[in-house]
file model-v9.txt (compact mmCIF, C-alpha atoms and all ligand atoms)
# COMPACT_ATOMS: atom_id res chain seq x y z
CA MET M 1457 -10.30 3.08 -9.56
CA ARG M 1458 -10.75 0.84 -6.56
CA PHE M 1459 -10.26 2.17 -3.03
CA THR M 1460 -10.41 0.28 0.26
CA ASP M 1461 -11.35 1.18 3.82
CA SER M 1462 -9.20 -0.90 6.17
CA HIS M 1463 -11.08 0.15 9.31
CA CYS M 1464 -14.75 1.14 9.52
CA HIS M 1465 -17.07 0.43 12.44
CA LEU M 1466 -20.27 -0.21 10.53
CA THR M 1467 -23.39 -1.35 12.32
CA ARG M 1468 -26.02 -3.61 10.80
CA SER M 1469 -28.52 -0.77 10.63
CA ALA M 1470 -26.17 1.75 8.98
CA ALA M 1471 -24.14 -0.61 6.81
CA GLU M 1472 -26.15 -1.02 3.63
CA ALA M 1473 -26.68 2.67 2.84
CA ALA M 1474 -23.12 3.61 3.80
CA LEU M 1475 -21.64 0.75 1.75
CA GLU M 1476 -23.72 1.69 -1.26
CA ARG M 1477 -22.55 5.31 -1.16
CA ALA M 1478 -18.94 4.12 -0.80
CA ARG M 1479 -19.19 1.67 -3.71
CA GLU M 1480 -20.58 4.44 -5.91
CA GLY M 1481 -17.42 6.39 -5.09
CA GLY M 1482 -15.18 3.45 -5.99
CA VAL M 1483 -14.57 1.97 -2.53
CA ARG M 1484 -14.57 -1.78 -3.11
CA GLY M 1485 -13.16 -3.41 0.03
CA PHE M 1486 -13.99 -2.90 3.69
CA VAL M 1487 -12.87 -4.31 7.05
CA VAL M 1488 -15.22 -3.91 10.02
CA PRO M 1489 -13.41 -4.39 13.35
CA GLY M 1490 -15.18 -5.28 16.57
CA THR M 1491 -14.27 -3.60 19.84
CA LYS M 1492 -15.75 -5.92 22.48
CA LEU M 1493 -17.60 -9.19 22.85
CA GLU M 1494 -21.00 -7.58 22.32
CA ASP M 1495 -20.23 -6.12 18.91
CA ALA M 1496 -18.21 -9.06 17.52
CA PRO M 1497 -21.30 -10.88 16.20
CA GLU M 1498 -22.42 -7.55 14.72
CA ALA M 1499 -19.13 -7.16 12.81
CA ILE M 1500 -19.48 -10.72 11.48
CA ALA M 1501 -23.10 -10.08 10.52
CA VAL M 1502 -22.15 -6.98 8.52
CA ALA M 1503 -19.51 -8.96 6.61
CA THR M 1504 -21.56 -12.09 6.07
CA GLY M 1505 -23.18 -12.32 2.64
CA ARG M 1506 -21.21 -9.35 1.26
CA GLU M 1507 -18.29 -10.30 -0.95
CA ASP M 1508 -16.50 -6.96 -0.47
CA VAL M 1509 -16.73 -6.80 3.36
CA TRP M 1510 -14.59 -8.63 5.92
CA CYS M 1511 -14.29 -8.20 9.67
CA ALA M 1512 -12.17 -8.62 12.79
CA VAL M 1513 -13.02 -9.51 16.38
CA GLY M 1514 -11.31 -8.50 19.60
CA PHE M 1515 -11.26 -6.19 22.60
CA HIS M 1516 -10.38 -2.52 22.10
CA PRO M 1517 -8.09 -1.42 24.97
CA HIS M 1518 -10.96 0.67 26.38
CA GLU M 1519 -12.84 -2.58 26.92
CA ALA M 1520 -9.87 -4.68 28.12
CA LYS M 1521 -11.20 -4.78 31.68
CA ASP M 1522 -14.16 -6.87 30.45
CA CYS M 1523 -11.96 -9.43 28.70
CA ASP M 1524 -12.10 -12.34 31.12
CA ASP M 1525 -11.40 -15.97 30.24
CA ALA M 1526 -14.96 -16.72 29.18
CA ALA M 1527 -15.22 -13.62 27.01
CA PHE M 1528 -11.91 -14.30 25.34
CA ALA M 1529 -12.87 -17.91 24.68
CA GLU M 1530 -15.90 -16.60 22.82
CA ILE M 1531 -13.74 -14.17 20.81
CA GLU M 1532 -11.49 -17.10 19.94
CA ARG M 1533 -14.49 -19.11 18.77
CA LEU M 1534 -15.81 -16.21 16.66
CA ALA M 1535 -12.34 -15.62 15.20
CA GLY M 1536 -12.73 -18.94 13.41
CA ASP M 1537 -15.53 -17.54 11.25
CA PRO M 1538 -14.43 -17.43 7.59
CA LYS M 1539 -15.25 -13.70 7.31
CA VAL M 1540 -12.88 -12.84 10.19
CA VAL M 1541 -9.62 -11.85 8.49
CA ALA M 1542 -7.85 -10.26 11.49
CA VAL M 1543 -7.79 -10.16 15.29
CA GLY M 1544 -8.73 -6.78 16.76
CA GLU M 1545 -8.99 -4.10 17.17
CA CYS M 1546 -6.72 -4.51 20.15
CA GLY M 1547 -3.81 -2.62 21.63
CA LEU M 1548 -3.10 0.03 24.22
CA ASP M 1549 -4.61 3.42 25.07
CA TYR M 1550 -3.02 5.35 27.93
CA HIS M 1551 -4.84 8.56 27.00
CA TYR M 1552 -8.19 7.51 28.38
CA MET M 1553 -7.01 4.63 30.62
CA HIS M 1554 -10.50 3.12 30.69
CA SER M 1555 -8.75 -0.10 31.72
CA PRO M 1556 -5.62 -0.31 33.93
CA ARG M 1557 -2.29 -0.46 32.11
CA GLU M 1558 -1.40 -3.97 33.28
CA THR M 1559 -4.80 -5.25 32.16
CA GLN M 1560 -4.43 -3.62 28.75
CA ILE M 1561 -1.01 -5.20 28.24
CA ALA M 1562 -2.17 -8.67 29.31
CA VAL M 1563 -5.23 -8.51 27.03
CA PHE M 1564 -3.17 -7.17 24.12
CA GLU M 1565 -0.69 -10.04 24.48
CA ARG M 1566 -3.55 -12.50 24.52
CA HIS M 1567 -4.83 -11.14 21.22
CA ILE M 1568 -1.34 -11.34 19.73
CA ALA M 1569 -1.05 -14.98 20.77
CA LEU M 1570 -4.43 -15.76 19.20
CA ALA M 1571 -3.50 -14.02 15.95
CA LYS M 1572 -0.28 -16.01 15.73
CA LYS M 1573 -2.11 -19.24 16.47
CA LEU M 1574 -4.64 -18.50 13.70
CA ASP M 1575 -1.98 -17.04 11.40
CA LYS M 1576 -4.01 -13.85 11.02
CA PRO M 1577 -2.89 -10.23 11.28
CA ILE M 1578 -3.70 -8.03 14.28
CA ILE M 1579 -5.30 -4.60 14.02
CA VAL M 1580 -3.51 -2.40 16.53
CA HIS M 1581 -4.86 0.67 18.32
CA ASN M 1582 -2.18 2.77 20.05
CA ARG M 1583 -2.66 6.09 21.81
CA GLU M 1584 -0.06 7.60 24.14
CA SER M 1585 1.29 4.11 24.75
CA THR M 1586 3.89 3.93 22.00
CA ASP M 1587 6.90 2.69 24.01
CA ASP M 1588 5.02 -0.29 25.41
CA CYS M 1589 3.20 -0.93 22.15
CA VAL M 1590 6.35 -1.00 20.02
CA GLU M 1591 8.25 -3.09 22.55
CA ILE M 1592 5.44 -5.66 22.67
CA LEU M 1593 4.96 -5.76 18.90
CA LEU M 1594 8.65 -6.05 18.07
CA ARG M 1595 9.18 -9.07 20.29
CA SER M 1596 5.81 -10.64 19.41
CA GLY M 1597 6.60 -12.07 16.00
CA ALA M 1598 3.06 -11.04 15.00
CA ARG M 1599 2.10 -9.25 11.80
CA GLY M 1600 -0.62 -6.73 11.21
CA ILE M 1601 -1.74 -3.16 10.82
CA LEU M 1602 -1.18 -0.06 12.93
CA HIS M 1603 -4.58 1.59 12.55
CA SER M 1604 -5.12 5.37 12.42
CA TYR M 1605 -1.39 5.94 12.71
CA THR M 1606 -0.27 9.16 14.44
CA GLU M 1607 3.29 8.44 15.57
CA SER M 1608 6.73 9.48 14.32
CA LEU M 1609 8.70 8.28 11.31
CA GLU M 1610 11.22 6.66 13.64
CA VAL M 1611 8.50 4.52 15.22
CA ALA M 1612 7.01 3.69 11.83
CA GLU M 1613 10.38 2.51 10.54
CA LYS M 1614 10.76 0.08 13.46
CA LEU M 1615 7.30 -1.32 12.77
CA LEU M 1616 7.91 -1.55 9.03
CA ALA M 1617 11.11 -3.47 9.69
CA ALA M 1618 9.02 -5.96 11.68
CA GLY M 1619 6.65 -6.35 8.73
CA PHE M 1620 3.73 -4.19 9.84
CA PHE M 1621 1.50 -2.05 7.63
CA ILE M 1622 0.68 1.56 8.53
CA SER M 1623 -2.90 2.75 8.05
CA PHE M 1624 -3.78 6.44 7.77
CA SER M 1625 -7.18 7.82 8.73
CA GLY M 1626 -8.70 11.27 8.18
CA ILE M 1627 -6.35 12.61 10.86
CA VAL M 1628 -3.68 12.96 8.17
CA THR M 1629 -5.89 15.57 6.46
CA PHE M 1630 -6.29 17.72 9.60
CA ARG M 1631 -4.65 21.13 9.44
CA SER M 1632 -2.70 20.43 12.64
CA ALA M 1633 -1.21 17.17 11.31
CA GLU M 1634 1.85 18.58 9.56
CA MET M 1635 4.22 16.15 11.29
CA LEU M 1636 2.06 13.19 10.33
CA ARG M 1637 1.99 14.29 6.68
CA GLY M 1638 5.78 14.25 6.77
CA VAL M 1639 5.62 10.63 7.96
CA ALA M 1640 3.12 9.64 5.28
CA LYS M 1641 5.25 11.26 2.60
CA ALA M 1642 8.35 9.34 3.66
CA LEU M 1643 6.93 5.82 4.06
CA PRO M 1644 7.38 3.13 1.42
CA HIS M 1645 4.13 3.14 -0.56
CA ASP M 1646 3.80 -0.64 -0.54
CA ARG M 1647 3.22 -0.65 3.24
CA VAL M 1648 0.50 2.02 3.51
CA LEU M 1649 -3.23 1.45 3.99
CA ILE M 1650 -6.09 3.93 4.14
CA GLU M 1651 -9.12 3.93 6.42
CA THR M 1652 -11.90 6.09 7.79
CA ASP M 1653 -12.36 4.73 11.35
CA THR M 1654 -16.06 5.37 10.70
CA PRO M 1655 -17.99 6.87 12.48
CA PHE M 1656 -15.08 8.88 13.96
CA LEU M 1657 -12.42 11.20 12.54
CA ALA M 1658 -14.14 12.47 9.40
CA PRO M 1659 -11.49 13.92 7.06
CA VAL M 1660 -11.31 17.47 5.75
CA PRO M 1661 -13.69 18.81 4.35
CA TYR M 1662 -16.21 16.73 6.33
CA ARG M 1663 -14.87 17.45 9.83
CA GLY M 1664 -17.63 17.46 12.41
CA LYS M 1665 -19.84 15.23 10.29
CA GLU M 1666 -20.34 11.57 11.00
CA ASN M 1667 -17.68 9.71 9.06
CA GLU M 1668 -18.47 6.99 6.49
CA PRO M 1669 -16.43 4.76 4.18
CA ALA M 1670 -17.07 6.91 1.09
CA PHE M 1671 -14.87 9.58 2.66
CA VAL M 1672 -11.76 7.35 2.50
CA VAL M 1673 -11.18 8.86 -0.95
CA LYS M 1674 -10.21 12.11 0.82
CA VAL M 1675 -7.38 10.27 2.58
CA ALA M 1676 -6.26 8.82 -0.76
CA GLU M 1677 -6.33 12.29 -2.35
CA LEU M 1678 -4.13 13.63 0.42
CA LEU M 1679 -1.60 10.82 -0.12
CA ALA M 1680 -1.65 11.51 -3.86
CA SER M 1681 -0.66 15.12 -3.23
CA LEU M 1682 2.07 14.13 -0.73
CA TRP M 1683 3.48 11.44 -2.99
CA GLU M 1684 3.08 13.61 -6.10
CA LYS M 1685 1.32 10.72 -7.84
CA PRO M 1686 -2.04 10.45 -9.62
CA LEU M 1687 -5.01 9.32 -7.55
CA ASP M 1688 -5.32 6.04 -9.43
CA TYR M 1689 -1.76 5.15 -8.39
CA VAL M 1690 -2.72 5.60 -4.71
CA ALA M 1691 -5.91 3.59 -5.26
CA ASP M 1692 -4.00 0.73 -6.89
CA VAL M 1693 -1.18 0.62 -4.35
CA THR M 1694 -3.31 0.86 -1.22
CA THR M 1695 -5.76 -1.70 -2.58
CA ALA M 1696 -2.96 -4.15 -3.34
CA ASN M 1697 -1.63 -3.55 0.19
CA PHE M 1698 -5.10 -4.19 1.65
CA GLU M 1699 -5.29 -7.51 -0.19
CA ARG M 1700 -1.83 -8.50 1.09
CA ALA M 1701 -2.37 -7.30 4.66
CA PHE M 1702 -5.65 -9.20 5.10
CA SER M 1703 -4.95 -12.08 2.65
CA VAL M 1704 -8.13 -11.35 0.67
CA ASN M 1705 -9.02 -10.67 -2.95
CA LEU M 1706 -11.43 -7.91 -3.83
CA PRO M 1707 -14.28 -8.99 -6.11
CA ARG M 1708 -13.56 -7.97 -9.69
ZN ZN C 1 -11.45 1.53 15.55

call {"tool": "encode", "arguments": {"input": "model-v9.txt", "output": "C-alpha cells", "more": "lines below"}}
Ligand SMILES: [Zn+2]
result
Amino acid sequence: MRFTDSHCHLTRSAAEAALERAREGGVRGFVVPGTKLEDAPEAIAVATGREDVWCAVGFHPHEAKDCDDAAFAEIERLAGDPKVVAVGECGLDYHYMHSPRETQIAVFERHIALAKKLDKPIIVHNRESTDDCVEILLRSGARGILHSYTESLEVAEKLLAAGFFISFSGIVTFRSAEMLRGVAKALPHDRVLIETDTPFLAPVPYRGKENEPAFVVKVAELLASLWEKPLDYVADVTTANFERAFSVNLPR
C-alpha cells in the first residue's frame, strides 16, 4: 500500500527522521508547503534530493501583510524550481485576521495569477472566509487543492465543479467533526486527498501530540470506514489523486 501526505510542514532538521517513519508505514509521497518568504527555501531544501518529496512556495494568509512586491518577486523566482509543484499555501483566514482582509484578498489573487502563469495548482487555506474564497476561486480559472477542508458539502460541490481537489486532515477524525465526516462520505473518491498538516492537527488517537506524516494513515483509515472500502482502496485512490493534482509520479 502506498499513502501520500499532500500537506506537511517539515523542517530540514525534523524531515529525515519523520520521513523515514512515514515510509516505514507506507507513506510514499509528500508535499511540503511554505508559508512565507523565509521558509520557502527551507521547503525547497527538504524536497531537493528526495525523489518522494515535493514542495510549494507562497504566503499563508497570516503572513500576507509581509508580501510586498520584492518578496513576491522572490517567491515567483523560487516557484520556478523543479521541485516546486504548486503555489501556496495561500488563501484567506478571517478567524485570526493577522493581515487585513483587503490585503489577504490582494495577495491571494496574486498567488492565483502566478499559479495560472506557471500552470501549477494552488494550495488553498480557508478559515471563516468561505464566501470570499469560493467567489474568488470560482472566477479565477485556477486549479488546485483545498487543504484541511472543513466546509459544507454544498461548498465542496461548487469547488469540485470548478475542478478542485479536497484534502482532509486529521480534523476529520475528531469526535466533534460529524458534519465533516458526512461531507467526506459523500464526495466523489477520485477528488479526495489526504494530509496531516504536520506539525498541527494530529489525528485521533494522537491528539495533543506533535503531528507527523506517518499519521496520515489514520486519515485514510477513517475514509475507509466512511466509504465502506478496504484500506488499500483508499491508499490507491488518494495516491492516484495526489499524482494527478500535483502532476507528479511517485517512485516505484
Ligand atoms: Zn499548512

call {"tool": "residues_near_ligand", "arguments": {"input": "model-v9.txt", "ligand": "ligand ZN 1 (chain C)", "cutoff": "8 Å", "atoms": "only C-alpha atoms and all ligand atoms", "output": "PyMOL selection string"}}
result
chain M and resi 1463-1465+1489-1491+1516+1545+1581+1603+1653-1654

call {"tool": "closest_residue", "arguments": {"input": "model-v9.txt", "among": "M:Ser1596, M:Thr1586, M:Thr1652, M:Thr1629", "to": "Ala1612 of chain M", "atoms": "all atoms listed in the file"}}
result
M:Thr1586

call {"tool": "atom_distance", "arguments": {"input": "model-v9.txt", "atom1": "atom CA of Arg1595 of chain M", "atom2": "atom CA of Ala1535 of chain M"}}
result
23.1 Å

call {"tool": "residues_around", "arguments": {"input": "model-v9.txt", "residues": "Arg1647 of chain M", "least_positions_apart": "5", "cutoff": "9 Å", "atoms": "all atoms listed in the file", "output": "ChimeraX atom specification"}}
result
/M:1616,1619-1623,1693-1694,1697,1701

call {"tool": "closest_residue", "arguments": {"input": "model-v9.txt", "among": "M:Lys1576, M:Arg1583, M:Arg1533, M:Arg1484", "to": "Asp1549 of chain M", "atoms": "all atoms listed in the file"}}
result
M:Arg1583
